[in-house]
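**Student:** Before we start, here is the structure in question, set down as structure tokens.
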Amino acid sequence: GIYACIRSRKYLVPALGILFFAYFSYHVHKEMRFGLLMLPYFAILAAVGIKRVFRQGWAFWAILAVTGIVFASHLPSEWPIPDAREGYLHYIEGETVTGEVLTADPLVNLYSSKAVIPMYYPVFNAGLASKWISYANENYASISYVFLDTCSGGVICNPGEAGCEAKKWELIALLKEKFRTGYYAKQDSCEYWVFEEKKNDSSKV
């Protein structure tokens with residue numbers, strides 16, 4: 001699509017893509033959901049390219065053959081075993097939750113019987129970490145679960161912000177003190193915690 005636009009001197013269409021990638025690269029949180037805004041643009045770009053390819057029959061079949069070979073060569077021999085994040089996300093699936101559920105990962109909402117409270121909105125920084133330190137310290141009795149991770153979720157500090165990392169680990173230390181660690185896993189450089197309210201009887205270990 002980009003090649004077709006340049007050949008036909010329609011520079012505005014590829015320029016929009018370059019602007020998007022420049023903007024997306026600037027953000028610390030490079031997550032798939034932010035790219036959804038550009039799907040209509042990519043559809044237009046693909047349509048321009050397909051239109052040009054269909055005008056040249058041999059090119060269409062050549063591209064189709066190469067695409068099929070590349071796709072077939074990258075098919076996994078077996079599907080991967082669920083990783084640490086899977087256990088993290090599914091931790092309260094099927095359970096009846098009475099208290100609040102705080103989360104650093106929006107996908108937890110898919111498996112919770114109760115609406116979750118995001119800890120990453122609008123942007124995680126030292127100020128937001130301080131807010132949740134105060135909140136957890138004052139309201140821990142009404143909180144059932146806290147989902148926190150250092151990779152896929154929203155508690156990722158901007159490398160250029162002073163004090164954010166210290167506040168993040170201060171928050172984690174407080175959660176370890178006020179709650180029971182119901183789930184912990186580490187995979188590569190990512191750590192996953194599920195903190196749950198302390199009870200006399202522990203059904204999960």
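Each chain in the structure tokens gets a letter, A, B, ..., in the order shown, and its residues are numbered from 1; ligands are numbered from 1 in order too.
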Once DSSP has gone over the backbone, tell me which residues of chain A are in helix (DSSP H, G or I), as a ChimeraX atom specification.
**Tutor:** /A:2-7,12-26,32-54,57-73,84-89,106-110,126-142,164-178
**Student:** List the neighbours of stretch 189-199 of chain A out to 7 Å using only C-alpha atoms; skip same-chain residues closer than 6 positions along the sequence, and give me the result as a list in words.
**Tutor:**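 Listed by chain and then number, they are Tyr88, Ile143, Ser144, Tyr145, Val146, Phe147, Leu148, Asp149, Thr150, Cys151, Leu175, Phe179, Arg180, Thr181, Gly182 and Tyr183 of chain A.
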**Student:** Please determine, counting only C-alpha atoms, which residue among A:Ser8, A:Asn109, A:Thr67, A:Ser25 has the shortest atom-to-atom distance to A:Val48.
**Tutor:**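 Once distances to A:Val48 are computed over only C-alpha atoms, the minimum belongs to A:Ser8.
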**Student:** For A:Cys157, which residue among A:Ala115, A:Ile92, A:Ala126, A:Ala173 is the nearest when counting only C-alpha atoms?
**Tutor:**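 Checking each candidate against A:Cys157, we get A:Ala126 as the closest.
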**Student:** Would you return as a ChimeraX atom specification the members of chain A that DSSP assigns to strand (DSSP E or B) on this structure's backbone?
**Tutor:** /A:100-103,117-118,143-149,180-187,190-196
**Student:** Residues as selected, C-alpha atoms, written as a tab-separated table (two decimals), in the first residue's frame, can you do that?
**Tutor:**
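Result file is out26.tsv:
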chain	number	residue	atom	x	y	z
A	100	GLU	CA	-13.02	-4.22	45.63
A	101	VAL	CA	-10.67	-5.53	42.96
A	102	LEU	CA	-7.77	-3.27	42.06
A	103	THR	CA	-5.78	-4.13	38.97
A	117	ILE	CA	-10.77	-0.54	39.59
A	118	PRO	CA	-7.86	0.40	37.29
A	143	ILE	CA	-10.33	-4.58	49.17
A	144	SER	CA	-10.56	-8.25	48.22
A	145	TYR	CA	-7.84	-8.49	45.55
A	146	VAL	CA	-5.04	-6.44	44.06
A	147	PHE	CA	-3.50	-7.51	40.75
A	148	LEU	CA	-0.08	-6.03	40.13
A	149	ASP	CA	2.65	-6.81	37.63
A	180	ARG	CA	-1.70	-12.10	51.71
A	181	THR	CA	0.20	-12.99	48.55
A	182	GLY	CA	-2.20	-15.40	46.89
A	183	TYR	CA	-0.28	-15.70	43.65
A	184	TYR	CA	3.27	-14.91	42.60
A	185	ALA	CA	5.13	-15.87	39.46
A	186	LYS	CA	8.15	-14.62	37.59
A	187	GLN	CA	8.77	-15.10	33.91
A	190	CYS	CA	8.23	-9.87	34.54
A	191	GLU	CA	6.80	-10.40	38.02
A	192	TYR	CA	3.13	-11.04	38.77
A	193	TRP	CA	1.39	-10.68	42.12
A	194	VAL	CA	-2.17	-11.24	43.26
A	195	PHE	CA	-2.66	-9.88	46.75
A	196	GLU	CA	-5.81	-10.92	48.58
**Student:** Measuring atom to atom with only C-alpha atoms, identify which of A:Phe124, A:Trp61, A:Tyr135, A:Phe42 is nearest to A:Gly163.
**Tutor:** A:Phe124
**Student:** Kindly give the distance, in Å, that separates atom CA of A:Ser134 and atom CA of A:Ser113, rounded to a single decimal.
**Tutor:**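 Atom-to-atom, atom CA of A:Ser134 and atom CA of A:Ser113 are spaced 25.7 Å apart.
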**Student:** What is the distance, in Å and to one decimal place, between atom CA of A:Ser142 and atom CA of A:Thr98?
**Tutor:**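 Computed distance, atom CA of A:Ser142 to atom CA of A:Thr98, equals 8.8 Å.
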**Student:** Kindly indicate which residue among A:Val108, A:Leu37, A:Ala84, A:Leu171 lies nearest to A:Gly127, using only C-alpha atoms for the distances.
**Tutor:**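 Of A:Val108, A:Leu37, A:Ala84, A:Leu171, the one nearest A:Gly127, counting only C-alpha atoms, is A:Leu171.
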**Student:** Choose the residue, out of A:Asn125, A:Ser112, A:Ser73, A:Asn137, that has the smallest atom-to-atom separation from A:Val155; count only C-alpha atoms.
**Tutor:**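 Of the candidates, the smallest distance to A:Val155 is held by A:Asn125.
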**Student:** Which one of A:Ile18, A:Ala166, A:Val53, A:Cys5 sits closest to A:Ser130 if you count only C-alpha atoms?
**Tutor:**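 For A:Ser130, the nearest of the given residues is A:Ala166.
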**Student:** Suppose you want the space between atom CA of A:Val123 and atom CA of A:Tyr41; what is it in Å?
**Tutor:**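 For atom CA of A:Val123 relative to atom CA of A:Tyr41, the distance reads 26.2 Å.
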**Student:** Excluding A:Tyr111 and its own-chain neighbours fewer than 4 positions away, which residues fall within 8 Å of it when counting only C-alpha atoms? Please give them as an mmCIF file with N, CA and C atoms, in the first residue's frame.
**Tutor:**
data_model
loop_
_atom_site.group_PDB
_atom_site.id
_atom_site.type_symbol
_atom_site.label_atom_id
_atom_site.label_comp_id
_atom_site.auth_asym_id
_atom_site.auth_seq_id
_atom_site.Cartn_x
_atom_site.Cartn_y
_atom_site.Cartn_z
ATOM 1 N N LEU A 89 -4.005 -13.814 35.359
ATOM 2 C CA LEU A 89 -5.274 -13.274 34.873
ATOM 3 C C LEU A 89 -6.472 -14.100 35.320
ATOM 4 N N HIS A 90 -6.293 -15.415 35.396
ATOM 5 C CA HIS A 90 -7.408 -16.316 35.705
ATOM 6 C C HIS A 90 -7.550 -16.599 37.204
ATOM 7 N N ILE A 92 -8.962 -15.284 39.821
ATOM 8 C CA ILE A 92 -10.270 -15.205 40.493
ATOM 9 C C ILE A 92 -11.420 -15.592 39.560
ATOM 10 N N GLU A 93 -11.094 -16.249 38.473
ATOM 11 C CA GLU A 93 -12.141 -16.659 37.539
ATOM 12 C C GLU A 93 -13.113 -17.625 38.219
ATOM 13 N N GLY A 94 -14.384 -17.329 38.126
ATOM 14 C CA GLY A 94 -15.413 -18.190 38.705
ATOM 15 C C GLY A 94 -15.696 -17.942 40.172
ATOM 16 N N LEU A 107 -7.138 -6.659 31.460
ATOM 17 C CA LEU A 107 -7.693 -7.958 31.083
ATOM 18 C C LEU A 107 -8.260 -8.727 32.272
#
**Student:** As an MDAnalysis selection string, please: the residues near A:Leu36 (cut-off 12 Å, only C-alpha atoms, same-chain neighbours under 6 positions excluded).
**Tutor:** chainID A and resid 20 24 30 42:43
